[in-house]
Structures are given as C-alpha cells and as structure tokens.
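Structure data follow from data-v4.cif (mmCIF, C-alpha atoms):
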```
data_entry
loop_
_atom_site.group_PDB
_atom_site.id
_atom_site.type_symbol
_atom_site.label_atom_id
_atom_site.label_comp_id
_atom_site.auth_asym_id
_atom_site.auth_seq_id
_atom_site.Cartn_x
_atom_site.Cartn_y
_atom_site.Cartn_z
ATOM 1 C CA MET A 31 -130.533 -183.966 -115.721
ATOM 2 C CA ALA A 32 -127.477 -185.380 -113.969
ATOM 3 C CA THR A 33 -124.808 -187.002 -116.111
ATOM 4 C CA ILE A 34 -124.110 -189.912 -113.725
ATOM 5 C CA ALA A 35 -126.958 -192.043 -112.369
ATOM 6 C CA TYR A 36 -127.257 -195.505 -110.880
ATOM 7 C CA GLU A 37 -127.437 -197.121 -114.328
ATOM 8 C CA ASP A 38 -123.988 -195.709 -115.207
ATOM 9 C CA LEU A 39 -122.263 -197.292 -112.218
ATOM 10 C CA THR A 40 -121.798 -200.807 -113.533
ATOM 11 C CA PRO A 41 -119.497 -203.339 -111.859
ATOM 12 C CA GLY A 42 -115.912 -203.019 -113.075
ATOM 13 C CA ARG A 43 -116.262 -199.383 -114.141
ATOM 14 C CA THR A 44 -113.419 -197.204 -112.936
ATOM 15 C CA PHE A 45 -113.182 -193.459 -112.549
ATOM 16 C CA ASP A 46 -110.015 -191.363 -112.515
ATOM 17 C CA LEU A 47 -110.597 -188.806 -109.761
ATOM 18 C CA GLY A 48 -107.540 -186.750 -110.626
ATOM 19 C CA GLU A 49 -104.425 -186.103 -108.639
ATOM 20 C CA VAL A 50 -103.699 -183.898 -105.686
ATOM 21 C CA LYS A 51 -100.492 -182.591 -104.155
ATOM 22 C CA VAL A 52 -100.471 -182.789 -100.363
ATOM 23 C CA ASP A 53 -100.209 -179.231 -99.105
ATOM 24 C CA ARG A 54 -98.234 -178.969 -95.853
ATOM 25 C CA ALA A 55 -100.206 -176.005 -94.467
ATOM 26 C CA GLU A 56 -103.577 -177.682 -95.158
ATOM 27 C CA MET A 57 -102.303 -180.943 -93.687
ATOM 28 C CA LEU A 58 -101.175 -179.228 -90.488
ATOM 29 C CA ALA A 59 -104.377 -177.180 -90.164
ATOM 30 C CA PHE A 60 -106.437 -180.370 -90.494
ATOM 31 C CA ALA A 61 -104.298 -182.159 -87.895
ATOM 32 C CA GLU A 62 -104.485 -179.255 -85.446
ATOM 33 C CA ARG A 63 -108.267 -179.254 -85.664
ATOM 34 C CA PHE A 64 -109.170 -182.938 -86.044
ATOM 35 C CA ASP A 65 -106.223 -185.286 -85.339
ATOM 36 C CA PRO A 66 -103.647 -183.536 -83.144
ATOM 37 C CA GLN A 67 -101.275 -186.446 -82.676
ATOM 38 C CA PRO A 68 -97.609 -185.384 -82.402
ATOM 39 C CA PHE A 69 -96.446 -187.120 -85.619
ATOM 40 C CA HIS A 70 -99.100 -185.128 -87.558
ATOM 41 C CA LEU A 71 -98.009 -181.799 -86.046
ATOM 42 C CA ASP A 72 -94.284 -181.825 -85.339
ATOM 43 C CA GLU A 73 -91.358 -182.671 -87.640
ATOM 44 C CA GLU A 74 -89.202 -184.141 -84.874
ATOM 45 C CA ALA A 75 -92.027 -186.200 -83.402
ATOM 46 C CA GLY A 76 -92.734 -187.516 -86.900
ATOM 47 C CA ARG A 77 -89.075 -188.451 -87.469
ATOM 48 C CA ASN A 78 -89.004 -190.267 -84.118
ATOM 49 C CA SER A 79 -92.174 -192.228 -84.861
ATOM 50 C CA VAL A 80 -92.572 -195.449 -86.825
ATOM 51 C CA LEU A 81 -93.930 -193.256 -89.639
ATOM 52 C CA GLY A 82 -90.510 -191.724 -90.344
ATOM 53 C CA GLY A 83 -91.533 -188.108 -90.674
ATOM 54 C CA LEU A 84 -94.241 -185.522 -90.330
ATOM 55 C CA CYS A 85 -97.185 -187.207 -92.009
ATOM 56 C CA ALA A 86 -100.799 -186.591 -92.845
ATOM 57 C CA SER A 87 -103.655 -187.897 -90.791
ATOM 58 C CA GLY A 88 -105.306 -190.779 -92.579
ATOM 59 C CA TRP A 89 -108.541 -188.840 -92.231
ATOM 60 C CA PHE A 90 -106.947 -185.960 -94.137
ATOM 61 C CA THR A 91 -105.908 -188.338 -96.900
ATOM 62 C CA ALA A 92 -109.447 -189.717 -97.027
ATOM 63 C CA SER A 93 -110.732 -186.128 -97.239
ATOM 64 C CA LEU A 94 -108.501 -185.457 -100.237
ATOM 65 C CA TRP A 95 -109.987 -188.526 -101.912
ATOM 66 C CA MET A 96 -113.499 -187.342 -101.055
ATOM 67 C CA ARG A 97 -112.864 -184.007 -102.761
ATOM 68 C CA GLY A 98 -111.831 -185.808 -105.947
ATOM 69 C CA TYR A 99 -114.948 -188.008 -105.734
ATOM 70 C CA VAL A 100 -117.185 -184.957 -105.366
ATOM 71 C CA ASP A 101 -115.494 -183.081 -108.217
ATOM 72 C CA HIS A 102 -115.412 -185.981 -110.700
ATOM 73 C CA VAL A 103 -118.534 -187.986 -109.825
ATOM 74 C CA LEU A 104 -120.947 -186.607 -107.245
ATOM 75 C CA ALA A 105 -121.230 -182.999 -108.436
ATOM 76 C CA ASP A 106 -123.025 -184.107 -111.598
ATOM 77 C CA SER A 107 -124.844 -187.177 -110.344
ATOM 78 C CA THR A 108 -128.004 -188.445 -108.713
ATOM 79 C CA SER A 109 -126.118 -189.117 -105.451
ATOM 80 C CA GLN A 110 -128.290 -189.669 -102.398
ATOM 81 C CA GLY A 111 -125.493 -190.096 -99.824
ATOM 82 C CA SER A 112 -124.009 -193.202 -98.257
ATOM 83 C CA PRO A 113 -125.042 -195.532 -95.448
ATOM 84 C CA GLY A 114 -121.380 -196.332 -94.695
ATOM 85 C CA GLY A 115 -118.669 -198.784 -95.486
ATOM 86 C CA ASN A 116 -116.901 -201.874 -94.309
ATOM 87 C CA GLU A 117 -113.194 -201.335 -94.964
ATOM 88 C CA LEU A 118 -110.749 -198.498 -94.427
ATOM 89 C CA ALA A 119 -107.000 -199.053 -94.722
ATOM 90 C CA TRP A 120 -104.183 -196.540 -94.490
ATOM 91 C CA LEU A 121 -101.490 -198.593 -96.192
ATOM 92 C CA ALA A 122 -98.546 -196.184 -96.075
ATOM 93 C CA PRO A 123 -97.876 -192.776 -94.538
ATOM 94 C CA VAL A 124 -98.513 -189.702 -96.658
ATOM 95 C CA PHE A 125 -96.104 -186.763 -96.451
ATOM 96 C CA PRO A 126 -96.197 -183.084 -97.424
ATOM 97 C CA GLY A 127 -95.514 -182.663 -101.123
ATOM 98 C CA ASP A 128 -96.651 -186.167 -102.062
ATOM 99 C CA VAL A 129 -98.704 -186.332 -105.242
ATOM 100 C CA LEU A 130 -101.598 -188.755 -104.944
ATOM 101 C CA GLN A 131 -103.468 -190.336 -107.843
ATOM 102 C CA LEU A 132 -107.100 -190.827 -106.839
ATOM 103 C CA SER A 133 -109.463 -193.383 -108.326
ATOM 104 C CA MET A 134 -112.510 -195.512 -107.681
ATOM 105 C CA GLU A 135 -113.906 -198.764 -108.969
ATOM 106 C CA VAL A 136 -117.499 -199.969 -108.885
ATOM 107 C CA ASN A 137 -117.638 -203.427 -107.291
ATOM 108 C CA SER A 138 -121.360 -204.176 -107.416
ATOM 109 C CA GLN A 139 -124.760 -202.590 -107.758
ATOM 110 C CA ARG A 140 -128.328 -203.457 -106.820
ATOM 111 C CA ARG A 141 -131.657 -201.735 -106.767
ATOM 112 C CA SER A 142 -133.245 -201.031 -103.416
ATOM 113 C CA GLN A 143 -136.169 -203.353 -102.767
ATOM 114 C CA SER A 144 -138.016 -200.788 -100.662
ATOM 115 C CA LYS A 145 -137.231 -197.770 -102.900
ATOM 116 C CA PRO A 146 -137.143 -198.907 -106.540
ATOM 117 C CA ASN A 147 -135.869 -195.526 -107.803
ATOM 118 C CA LEU A 148 -132.763 -195.898 -105.646
ATOM 119 C CA GLY A 149 -129.706 -198.004 -106.334
ATOM 120 C CA LEU A 150 -126.971 -199.099 -103.969
ATOM 121 C CA VAL A 151 -123.453 -199.217 -105.382
ATOM 122 C CA GLU A 152 -120.431 -200.720 -103.634
ATOM 123 C CA ILE A 153 -117.305 -198.721 -104.431
ATOM 124 C CA THR A 154 -113.624 -199.124 -103.646
ATOM 125 C CA GLY A 155 -111.732 -195.847 -103.432
ATOM 126 C CA THR A 156 -107.952 -195.693 -103.668
ATOM 127 C CA ALA A 157 -105.073 -193.245 -103.513
ATOM 128 C CA ASP A 158 -101.642 -194.116 -104.908
ATOM 129 C CA ARG A 159 -98.278 -192.377 -104.691
ATOM 130 C CA ASP A 160 -95.856 -193.272 -107.475
ATOM 131 C CA GLY A 161 -97.604 -196.615 -107.960
ATOM 132 C CA GLU A 162 -97.731 -197.406 -104.236
ATOM 133 C CA ARG A 163 -101.187 -197.716 -102.729
ATOM 134 C CA VAL A 164 -101.501 -195.494 -99.636
ATOM 135 C CA LEU A 165 -105.288 -195.567 -99.073
ATOM 136 C CA ARG A 166 -108.027 -198.094 -99.789
ATOM 137 C CA PHE A 167 -111.570 -198.202 -98.576
ATOM 138 C CA THR A 168 -114.858 -199.778 -99.558
ATOM 139 C CA PHE A 169 -118.269 -198.239 -99.004
ATOM 140 C CA VAL A 170 -121.809 -198.220 -100.329
ATOM 141 C CA ALA A 171 -123.149 -195.183 -102.148
ATOM 142 C CA MET A 172 -126.769 -194.496 -102.975
ATOM 143 C CA PHE A 173 -127.722 -193.087 -106.386
ATOM 144 C CA GLY A 174 -131.069 -192.282 -107.880
ATOM 145 C CA THR A 175 -132.083 -194.045 -111.063
ATOM 146 C CA ARG A 176 -132.777 -192.248 -114.316
ATOM 147 C CA ASP A 177 -136.497 -192.996 -113.947
ATOM 148 C CA GLN A 178 -136.902 -191.106 -110.632
ATOM 149 C CA ASN A 179 -140.475 -189.855 -110.884
#
```
Could the structure of this file be written out as structure tokens, please?
Amino acid sequence: MATIAYEDLTPGRTFDLGEVKVDRAEMLAFAERFDPQPFHLDEEAGRNSVLGGLCASGWFTASLWMRGYVDHVLADSTSQGSPGGNELAWLAPVFPGDVLQLSMEVNSQRRSQSKPNLGLVEITGTADRDGERVLRFTFVAMFGTRDQN
C-alpha cells in the first residue's frame, strides 16, 4: 500500500523535496532540445540579455522541481496525475551551479463528486536559491483515497 494518499495531503502540510544543483551540461542539453533561445545556449548572449548570464530555461527549472516531487511524494503515493494548474511564475533567472531548495505546500483538498475514491489537491510548488524564490506554481493533483476498492 502506498505511503501517501489523499487523506495525508491536508491543507497547510508542506513537503521538503530536497535540493538540486543545476548542472550546466544538463541545462544546455535541455535548452538545445526544448528551448533553444540564445540566452539559454550561449554565454555571451546570456550576458547581453536582461538575464545577465547564461541561464536555465524556466521549463528546465520546473523539470528539476518535478523530479523532486516524484522522488519525495509521487513514487510512493496513490497519484492519479494532474488536470493542470493556474499559475506558473519564473521569478528570477537560474544559473549553472545554483543550488535550489525544492518544496511544496498543500493549499486545499476536496473529494471528487463523480469519483468518490479520488481526491483533488491544490498544491503550490516552489524552488528557492539562498532564500530567494526563483520558481512558484500552483496546480491540482489527483490522488486516490485509502479506501479505493
């Protein structure tokens, strides 16, 4: 039986999703494949941009957060996916070598009216660098209840 189910995701509960160091090679490989903007690929272009240096794609940063969420919550849970979210904010650029602290907070929860063994949980995910928030987003996750029969 999974350790984390809908009933465990009560409003106000927070989860430490660990920390991750931004690897330059991974960051560049991601940018080359998915977000090939010059400031994500080239040092000089990054320095000449408003971002101030070669920086990670926001989508890469969100992917780092997602890995922490999978490792610390979803891998041992009753997760049933997500129908989406309503906020995504890249609050500061992320650079190679940055160490990000990843976390999440449960905002609200409710049982599905059409599927009583399913709960919907609103979550805010964040990434911080040295106390500065660099990523924030809010989404709904679906988790099975403990009485899924």
Q: Give me the result of the PyMOL selection byres ((chain A and resi 71-88) around 9) on this file, residue by residue, as a PyMOL selection string.
A: chain A and resi 52+54+57-62+64-70+89-93+119-120+122-126+165
Could you tell me which residues the PyMOL selection byres ((chain A and resi 33) around 6) grabs in this file, written as a PDB file with C-alpha atoms, keeping the file's coordinate frame?
```pdb
ATOM      1  CA  ALA A  32    -127.477-185.380-113.969  1.00  0.00           C
ATOM      2  CA  ILE A  34    -124.110-189.912-113.725  1.00  0.00           C
ATOM      3  CA  ASP A 106    -123.025-184.107-111.598  1.00  0.00           C
ATOM      4  CA  SER A 107    -124.844-187.177-110.344  1.00  0.00           C
TER       5      SER A 107
END
```
(Q) I'd like to know which of A:Ser138, A:Tyr36, A:Leu130, A:Thr108 is closest to Arg163 (chain A), using only C-alpha atoms. (A) A:Leu130
Q: List the neighbours of Leu132 (chain A) out to 12 Å using only C-alpha atoms; skip same-chain residues closer than 4 positions along the sequence, and give me the result as an MDAnalysis selection string.
A: chainID A and resid 44:51 91:102 154:167
Q: One decimal, Å: what's the distance from CA of Leu104 (chain A) over to CA of Ala35 (chain A), could you say?
A: 9.6 Å
Q: Work out how far apart CA of Leu150 (chain A) and CA of Gly115 (chain A) are and give it in Å to one decimal.
A: 11.9 Å
Q. What is the distance between CA of Leu148 (chain A) and CA of Gly42 (chain A), in Å to one decimal?
A.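 For CA of Leu148 (chain A) relative to CA of Gly42 (chain A), the distance reads 19.7 Å.
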(Q) As a check of understanding, name the residues that the PyMOL selection byres ((chain A and resi 149) around 12) selects in the supplied structure, as number ranges by chain. (A) A: 35-40, 108-112, 138-148, 150-152, 170-178
